[in-house]
Amino acid sequence: MPELTDLLSRAILPEPATIIREGGVINDGFDTELDELRAIQNNCGEFLIALEVRERNRTGIANLKVEYNRVHGFYIEVTNANALKVRKTTAAGRR
């Protein structure tokens with residue numbers, strides 16, 4: 001089955017990791033979404049800065065912060081004074 005052989009040779013690294021849950025099995029460039037997720041993982045700091053800038057521009061909240069921790073994951077922090085702006089921005093996005 002040459003088609004299957006070709007697919008597997010493009011998908012799997014020549015020397016994949018022995019433990020699948022650690023990653024290191026699928027070739028870069030095989031799946032666009034996986035490549036994007038790897039880029040976020042490898043460049044988390046840059047991703048957070050870009051997300052923060054985008055959300056500040058979208059909401060108009062200059063002191064908005066995007067943070068990450070292992071318990072909650074990614075979260076957006078705003079002051080209580082800006083909470084109403086967040087509700088309005090979120091509600092406007094649902095329309």
# chains A, B, ... in the order shown; residues from 1 in each chain; ligands from 1

call {"tool": "select_by_dssp", "arguments": {"residues": "region 8-95 of chain A", "states": "helix (DSSP H, G or I)", "output": "count of residues only"}}
result
49

call {"tool": "select_by_dssp", "arguments": {"residues": "chain A", "states": "strand (DSSP E or B)", "output": "PyMOL selection string"}}
result
chain A and resi 12+26+65-69+73-77

call {"tool": "write_last_selection", "arguments": {"atoms": "C-alpha atoms", "output": "CSV table (one decimal), in the first residue's frame"}}
result
chain,number,residue,atom,x,y,z
A,12,ILE,CA,5.9,10.4,11.5
A,26,ILE,CA,4.5,14.0,14.2
A,65,LYS,CA,-3.2,42.2,31.2
A,66,VAL,CA,-3.1,38.7,29.8
A,67,GLU,CA,-1.5,36.2,32.2
A,68,TYR,CA,-1.0,32.4,32.5
A,69,ASN,CA,-0.6,30.1,35.4
A,73,GLY,CA,-4.4,28.6,32.3
A,74,PHE,CA,-4.7,31.8,30.3
A,75,TYR,CA,-6.8,34.6,31.8
A,76,ILE,CA,-7.4,38.3,31.2
A,77,GLU,CA,-7.1,40.7,34.1

call {"tool": "residues_around", "arguments": {"residues": "Ala62 (chain A)", "least_positions_apart": "3", "cutoff": "12 Å", "atoms": "only C-alpha atoms", "output": "list in words"}}
result
Glu52, Val53, Arg54, Glu55, Arg56, Asn57, Arg58, Thr59, Lys65, Val66, Glu77, Val78, Thr79, Ala81, Asn82 and Lys85 of chain A
